[in-house]
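K.L.:
This is query.txt, which holds compact mmCIF, C-alpha atoms:
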# COMPACT_ATOMS: atom_id res chain seq x y z
CA MET A 218 31.37 2.92 -30.79
CA GLY A 219 32.68 4.76 -27.76
CA VAL A 220 34.26 8.16 -27.60
CA ILE A 221 37.53 7.06 -25.99
CA HIS A 222 40.13 5.73 -28.39
CA LYS A 223 43.60 4.57 -27.57
CA GLU A 224 45.09 6.51 -30.43
CA LEU A 225 43.67 9.72 -28.93
CA ILE A 226 45.49 9.34 -25.62
CA LYS A 227 48.94 10.68 -25.00
CA THR A 228 50.99 10.54 -21.82
CA GLY A 229 54.14 12.47 -20.96
CA ILE A 230 53.32 15.46 -23.15
CA ASP A 231 56.28 17.79 -22.95
CA ALA A 232 54.95 21.28 -23.63
CA LYS A 233 56.02 24.79 -22.64
CA ASN A 234 52.64 26.44 -22.87
CA PHE A 235 48.96 25.73 -23.47
CA LYS A 236 49.26 26.40 -27.17
CA GLU A 237 51.79 23.60 -27.61
CA VAL A 238 49.51 21.24 -25.69
CA LEU A 239 46.54 22.12 -27.88
CA ILE A 240 48.54 21.73 -31.09
CA GLU A 241 49.73 18.30 -30.03
CA MET A 242 46.31 17.06 -28.94
CA ALA A 243 44.38 18.57 -31.82
CA GLY A 244 47.00 16.91 -34.02
CA LEU A 245 45.94 13.52 -32.70
CA LEU A 246 42.29 14.21 -33.44
CA ARG A 247 43.21 15.47 -36.89
CA LYS A 248 45.49 12.55 -37.67
CA TYR A 249 42.59 10.12 -37.29
CA ASP A 250 40.13 12.45 -39.01
CA TYR A 251 37.90 13.11 -36.00
CA VAL A 252 38.21 16.82 -36.69
CA LYS A 253 38.63 19.10 -39.68
CA GLU A 254 41.83 20.91 -40.49
CA SER A 255 40.33 24.12 -39.10
CA PHE A 256 39.92 22.59 -35.63
CA THR A 257 43.45 23.31 -34.34
CA ASP A 258 43.35 27.05 -34.97
CA ALA A 259 39.75 27.23 -33.79
CA VAL A 260 40.44 25.48 -30.50
CA ILE A 261 43.49 27.69 -29.82
CA GLU A 262 41.53 30.87 -30.55
CA ARG A 263 38.66 29.69 -28.38
CA GLU A 264 41.03 28.94 -25.52
CA LYS A 265 42.47 32.46 -25.73
CA ILE A 266 39.03 34.12 -25.58
CA TYR A 267 37.16 31.59 -23.42
CA PRO A 268 39.70 29.61 -21.43
CA THR A 269 38.76 26.17 -20.13
CA GLY A 270 40.93 25.61 -17.05
CA LEU A 271 38.96 24.06 -14.21
CA ASN A 272 39.98 23.92 -10.59
CA LEU A 273 38.60 20.58 -9.42
CA PRO A 274 37.62 20.27 -5.76
CA ILE A 275 39.95 17.28 -5.49
CA GLY A 276 42.85 19.75 -5.67
CA ILE A 277 43.74 19.06 -9.27
CA ASN A 278 43.45 21.41 -12.22
CA ILE A 279 42.37 20.21 -15.61
CA ALA A 280 41.49 21.89 -18.89
CA ILE A 281 38.69 20.92 -21.25
CA PRO A 282 39.52 22.71 -24.52
CA HIS A 283 36.85 22.51 -27.21
CA THR A 284 35.36 24.57 -29.99
CA ASP A 285 32.41 24.83 -32.36
CA ALA A 286 30.88 21.68 -33.77
CA CYS A 287 31.45 22.85 -37.35
CA HIS A 288 35.15 21.95 -36.98
CA VAL A 289 34.35 18.40 -35.86
CA ASN A 290 33.79 15.33 -38.05
CA LYS A 291 32.99 12.80 -35.37
CA THR A 292 32.59 13.04 -31.61
CA ALA A 293 35.63 11.93 -29.65
CA ILE A 294 37.59 12.78 -26.54
CA ALA A 295 41.36 13.16 -26.56
CA ILE A 296 43.20 12.81 -23.26
CA GLY A 297 46.61 14.31 -22.62
CA VAL A 298 48.71 13.78 -19.52
CA LEU A 299 51.37 16.46 -19.24
CA LYS A 300 54.94 15.74 -18.22
CA SER A 301 54.94 18.87 -16.11
CA PRO A 302 52.06 21.28 -15.48
CA VAL A 303 51.29 24.03 -17.98
CA GLN A 304 49.34 27.18 -17.23
CA PHE A 305 45.81 27.53 -18.51
CA LYS A 306 43.51 30.41 -17.62
CA SER A 307 40.51 29.66 -15.46
CA MET A 308 37.15 29.25 -17.18
CA ALA A 309 35.36 30.75 -14.21
CA THR A 310 37.36 33.98 -13.97
CA LYS A 311 39.27 34.17 -17.30
CA ILE A 312 42.10 35.84 -15.30
CA ASP A 313 43.50 33.29 -12.88
CA ASP A 314 46.31 30.98 -13.98
CA LEU A 315 45.88 27.31 -13.20
CA ASP A 316 48.69 24.76 -13.32
CA VAL A 317 47.11 22.04 -15.40
CA SER A 318 48.41 18.49 -15.61
CA LEU A 319 45.51 16.77 -17.35
CA VAL A 320 43.87 17.97 -20.55
CA VAL A 321 40.61 16.50 -21.82
CA MET A 322 39.97 17.82 -25.31
CA LEU A 323 36.37 17.49 -26.37
CA ALA A 324 35.45 17.15 -30.03
CA ILE A 325 31.67 17.26 -29.90
CA LYS A 326 29.69 17.03 -33.09
CA GLU A 327 26.12 17.38 -31.82
CA SER A 328 25.87 18.37 -28.19
CA LYS A 329 22.11 17.75 -28.07
CA LYS A 330 22.65 14.12 -28.93
CA GLN A 331 25.73 13.75 -26.80
CA VAL A 332 24.43 14.83 -23.44
CA GLU A 333 25.25 11.41 -22.01
CA THR A 334 28.90 11.80 -22.95
CA LEU A 335 28.98 15.30 -21.49
CA LYS A 336 27.28 14.09 -18.34
CA ARG A 337 29.80 11.31 -18.02
CA ALA A 338 32.60 13.83 -18.47
CA MET A 339 31.32 15.83 -15.51
CA GLU A 340 31.04 12.74 -13.38
CA PHE A 341 34.51 11.75 -14.45
CA PHE A 342 36.02 15.06 -13.31
CA GLN A 343 34.72 14.31 -9.85
CA GLU A 344 36.34 10.89 -9.58
CA GLU A 345 39.36 11.71 -7.46
CA GLU A 346 40.89 8.28 -7.61
CA ALA A 347 40.51 7.86 -11.36
CA ILE A 348 41.86 11.34 -12.14
CA LYS A 349 44.85 10.83 -9.87
CA LYS A 350 45.57 7.46 -11.46
CA ILE A 351 45.41 8.97 -14.92
CA ILE A 352 47.76 11.79 -14.01
CA ASN A 353 50.29 9.24 -12.79
CA SER A 354 49.83 6.93 -15.77
CA LYS A 355 52.86 6.19 -17.85
CA THR A 356 51.18 4.36 -20.70
CA THR A 357 48.20 5.05 -22.95
CA GLN A 358 46.81 1.63 -22.06
CA GLU A 359 46.54 2.59 -18.37
CA VAL A 360 44.72 5.79 -19.24
CA TYR A 361 42.49 4.00 -21.72
CA ASP A 362 41.43 1.37 -19.20
CA ILE A 363 40.40 4.00 -16.66
CA ALA A 364 38.78 6.50 -19.04
CA SER A 365 36.87 4.05 -21.22
CA LYS A 366 35.10 2.71 -18.15
CA PHE A 367 33.61 6.16 -17.57
CA PHE A 368 32.93 7.43 -21.03
CA ASP A 369 31.90 4.53 -23.16
CA VAL A 370 28.17 4.59 -22.79
CA LYS A 371 25.52 4.13 -25.40
CA GLU A 372 24.37 7.37 -26.99
CA VAL A 373 20.74 8.00 -27.80
CA MET B 162 1.27 20.56 -12.58
CA SER B 163 4.83 21.62 -12.02
CA THR B 164 5.87 25.23 -12.51
CA ARG B 165 7.69 25.93 -15.73
CA ILE B 166 11.04 27.68 -15.43
CA ASP B 167 13.28 28.87 -18.22
CA ILE B 168 17.03 29.08 -17.82
CA LEU B 169 19.56 30.58 -20.21
CA ALA B 170 22.79 28.55 -20.06
CA VAL B 171 25.87 30.39 -21.29
CA CYS B 172 29.40 29.24 -22.17
CA GLY B 173 32.18 30.29 -24.50
CA ALA B 174 31.24 28.13 -27.44
CA GLY B 175 27.56 28.14 -26.55
CA VAL B 176 27.51 24.39 -27.02
CA VAL B 177 29.54 22.06 -24.88
CA SER B 178 29.80 23.45 -21.35
CA SER B 179 26.35 25.03 -21.47
CA SER B 180 24.86 21.67 -22.47
CA MET B 181 26.59 20.08 -19.52
CA VAL B 182 25.17 22.76 -17.23
CA SER B 183 21.70 22.38 -18.76
CA GLN B 184 21.70 18.68 -18.05
CA LYS B 185 22.65 19.16 -14.44
CA LEU B 186 20.10 21.93 -13.93
CA LYS B 187 17.36 19.84 -15.49
CA SER B 188 17.99 16.89 -13.21
CA LYS B 189 18.59 18.94 -10.04
CA LEU B 190 15.67 21.36 -10.44
CA SER B 191 13.23 18.76 -11.77
CA ALA B 192 13.87 16.95 -8.51
CA LYS B 193 12.66 20.12 -6.77
CA GLY B 194 9.42 19.91 -8.70
CA TYR B 195 10.04 22.30 -11.59
CA ASP B 196 9.42 21.80 -15.27
CA VAL B 197 12.84 22.92 -16.48
CA HIS B 198 13.47 24.39 -19.93
CA THR B 199 16.88 25.57 -21.05
CA VAL B 200 18.38 27.40 -23.99
CA GLU B 201 22.13 27.34 -24.63
CA THR B 202 24.03 30.26 -26.05
CA ASN B 203 27.40 32.03 -26.04
CA PRO B 204 28.08 35.43 -24.44
CA GLY B 205 27.49 37.23 -27.74
CA GLY B 206 24.04 35.68 -28.01
CA VAL B 207 22.79 36.57 -24.54
CA GLY B 208 21.23 39.94 -25.40
CA GLU B 209 19.41 38.64 -28.44
CA THR B 210 18.15 35.51 -26.70
CA LEU B 211 16.90 37.49 -23.72
CA ALA B 212 15.02 39.79 -26.09
CA SER B 213 13.34 36.89 -27.85
CA GLN B 214 12.15 34.90 -24.86
CA LYS B 215 11.50 35.24 -21.15
CA PHE B 216 13.96 33.59 -18.77
CA ASP B 217 14.05 33.25 -15.01
CA PHE B 218 17.82 33.47 -14.68
CA ILE B 219 21.12 33.08 -16.48
CA ALA B 220 23.47 30.21 -15.58
CA SER B 221 26.89 31.03 -16.98
CA VAL B 222 30.24 29.28 -16.80
CA THR B 223 32.01 32.32 -18.21
CA PRO B 224 32.14 35.84 -16.71
CA LEU B 225 29.48 38.06 -18.32
CA ASP B 226 30.22 41.77 -18.37
CA GLY B 227 26.81 43.02 -19.43
CA GLU B 228 23.99 44.20 -17.21
CA TYR B 229 20.90 42.07 -17.60
CA PRO B 230 17.36 42.44 -16.28
CA ILE B 231 17.44 38.96 -14.74
CA PRO B 232 19.85 37.42 -12.19
CA LYS B 233 23.02 35.77 -13.48
CA LEU B 234 24.47 32.88 -11.52
CA ASN B 235 27.94 31.37 -11.86
CA ALA B 236 27.46 27.78 -12.98
CA VAL B 237 31.06 26.63 -13.31
CA GLY B 238 30.55 24.46 -10.21
CA PHE B 239 28.49 22.08 -12.30
CA LEU B 240 31.56 21.25 -14.36
CA THR B 241 33.78 20.65 -11.36
CA GLY B 242 31.22 19.32 -8.90
CA PHE B 243 32.22 22.00 -6.41
CA GLY B 244 29.45 24.27 -5.18
CA GLU B 245 26.52 22.56 -6.90
CA ASP B 246 24.34 22.64 -3.82
CA GLU B 247 25.09 26.32 -3.24
CA PHE B 248 24.10 27.06 -6.83
CA ILE B 249 20.81 25.22 -6.45
CA GLU B 250 20.10 27.07 -3.19
CA GLU B 251 20.73 30.39 -4.91
CA ALA B 252 18.60 29.36 -7.88
CA LEU B 253 15.73 28.35 -5.59
CA LYS B 254 15.97 31.72 -3.86
CA VAL B 255 15.82 33.54 -7.19
CA LEU B 256 12.80 31.48 -8.24
CA LYS B 257 11.10 32.12 -4.91
CA ASP B 258 11.66 35.86 -5.31
CA GLU B 259 9.97 35.56 -8.68
CA GLY B 260 7.04 33.84 -7.02
CA LYS B 261 7.79 30.42 -8.50
Show me this structure written as structure tokens.
P.N.:
Amino acid sequence: MGVIHKELIKTGIDAKNFKEVLIEMAGLLRKYDYVKESFTDAVIEREKIYPTGLNLPIGINIAIPHTDACHVNKTAIAIGVLKSPVQFKSMATKIDDLDVSLVVMLAIKESKKQVETLKRAMEFFQEEEAIKKIINSKTTQEVYDIASKFFDVKEV
Amino acid sequence: MSTRIDILAVCGAGVVSSSMVSQKLKSKLSAKGYDVHTVETNPGGVGETLASQKFDFIASVTPLDGEYPIPKLNAVGFLTGFGEDEFIEEALKVLKDEGK
């Protein structure tokens, strides 16, 4: 079973701030029981203290919100394409604001066993063409087709 | 036999991003001939982990305010793919200064 699921992808997310984005995306993970009820609050708190905005060299900003494994039932990745960019703080500086248009929420149950998925995620962030296509995707199917190619690898 | 090096990888949750960084460091520095060992922690765990084991340097994706006896390097480039080579160069310099 892969980590990318169509029901965990949402395009056109209309949010005013990062908190609204996280609530919406964590809601997807919760709806299908990938995470525990505590996940939403935990991921919001984590984002406030340790922000996850990343300034990709391809000139696009993304965020990779995540939190402790104890709030996760089953490893999965939720992908959210925002209708218009929302500000996240930079992971590297914690101070800078980044206009983020793609959010990849990681629900990781056991990071030691999921290094392949994490490695794929890093490779994915560097795929300019794929990221740009996803940002311009209108349907979950489009996003799914692109993302599943990268992420769905066999875990050890 | 390759020289053993120990790296402390740090991120907010002490799990996800630091594991990503560990993976990258293992593959990049193994290719340079080192036997790479990593431990992942969060900023709150840095002091304790440093006290319990010897490390060559810290690779952190989050700003660390504390003063530590070993070099700390900014590893956020491993998540974005920007500045990986510069990081490795800096790491190699640190290791060389330590005689490794």
K.L.:
Take CA of Ile348 in chain A and CA of Asn234 in chain A and report the distance between them in Å, one decimal.
P.N.:
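Atom-to-atom, CA of Ile348 in chain A to CA of Asn234 in chain A, that is 21.4 Å.
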K.L.:
If we draw a sphere of 12 Å around (42.1, 24.6, -33.9), which residues have at least one atom in it when counting all atoms listed in the file? Please report them as a short mmCIF file (atom, residue, chain, number, x, y, z; two decimals) with C-alpha atoms, keeping the file's coordinate frame.
P.N.:
data_model
loop_
_atom_site.label_atom_id
_atom_site.label_comp_id
_atom_site.auth_asym_id
_atom_site.auth_seq_id
_atom_site.Cartn_x
_atom_site.Cartn_y
_atom_site.Cartn_z
CA LYS A 236 49.26 26.40 -27.17
CA GLU A 237 51.79 23.60 -27.61
CA VAL A 238 49.51 21.24 -25.69
CA LEU A 239 46.54 22.12 -27.88
CA ILE A 240 48.54 21.73 -31.09
CA GLU A 241 49.73 18.30 -30.03
CA MET A 242 46.31 17.06 -28.94
CA ALA A 243 44.38 18.57 -31.82
CA GLY A 244 47.00 16.91 -34.02
CA LEU A 245 45.94 13.52 -32.70
CA LEU A 246 42.29 14.21 -33.44
CA ARG A 247 43.21 15.47 -36.89
CA VAL A 252 38.21 16.82 -36.69
CA LYS A 253 38.63 19.10 -39.68
CA GLU A 254 41.83 20.91 -40.49
CA SER A 255 40.33 24.12 -39.10
CA PHE A 256 39.92 22.59 -35.63
CA THR A 257 43.45 23.31 -34.34
CA ASP A 258 43.35 27.05 -34.97
CA ALA A 259 39.75 27.23 -33.79
CA VAL A 260 40.44 25.48 -30.50
CA ILE A 261 43.49 27.69 -29.82
CA GLU A 262 41.53 30.87 -30.55
CA ARG A 263 38.66 29.69 -28.38
CA GLU A 264 41.03 28.94 -25.52
CA LYS A 265 42.47 32.46 -25.73
CA PRO A 282 39.52 22.71 -24.52
CA HIS A 283 36.85 22.51 -27.21
CA THR A 284 35.36 24.57 -29.99
CA ASP A 285 32.41 24.83 -32.36
CA ALA A 286 30.88 21.68 -33.77
CA CYS A 287 31.45 22.85 -37.35
CA HIS A 288 35.15 21.95 -36.98
CA VAL A 289 34.35 18.40 -35.86
CA MET A 322 39.97 17.82 -25.31
CA LEU A 323 36.37 17.49 -26.37
CA ALA A 324 35.45 17.15 -30.03
#
K.L.:
Give me, as number ranges by chain, the contact residues of chain B against chain A at a cut-off of 7 Å, counting all atoms listed in the file.
P.N.:
B: 173-174, 176-177, 180-181, 222-224, 237, 240-243
K.L.:
Between CA of Ile351 in chain A and CA of Ile363 in chain A, what is the distance, to one decimal in Å?
P.N.:
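Interatomic distance here is 7.3 Å.
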K.L.:
Build an axis-aligned box that encloses every atom of range 223-231 of chain A listed in the file, pad it by 6 Å on each side, and report its centre and edge lengths in Å to one decimal, as JSON.
P.N.:
{"center_x": 49.9, "center_y": 11.2, "center_z": -25.7, "size_x": 24.7, "size_y": 25.2, "size_z": 21.5}
K.L.:
Using all atoms listed in the file, which residue out of B:Gly208, B:Pro232, B:Gly175, B:Gly227 lies closest to Glu251 in chain B?
P.N.:
B:Pro232
K.L.:
Skip Ile221 in chain A itself and residues of its chain fewer than 3 positions away, then list as a list in words all residues within 7 Å of it, counting all atoms listed in the file.
P.N.:
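The contact residues come out as Ala293, Ile294, Ser365, Phe368 and Asp369 of chain A.
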K.L.:
Restricting it to C-alpha atoms, dump the selection as a PDB file, keeping the file's coordinate frame.
P.N.:
ATOM      1  CA  ALA A 293      35.630  11.930 -29.650  1.00  0.00           C
ATOM      2  CA  ILE A 294      37.590  12.780 -26.540  1.00  0.00           C
ATOM      3  CA  SER A 365      36.870   4.050 -21.220  1.00  0.00           C
ATOM      4  CA  PHE A 368      32.930   7.430 -21.030  1.00  0.00           C
ATOM      5  CA  ASP A 369      31.900   4.530 -23.160  1.00  0.00           C
TER       6      ASP A 369
END
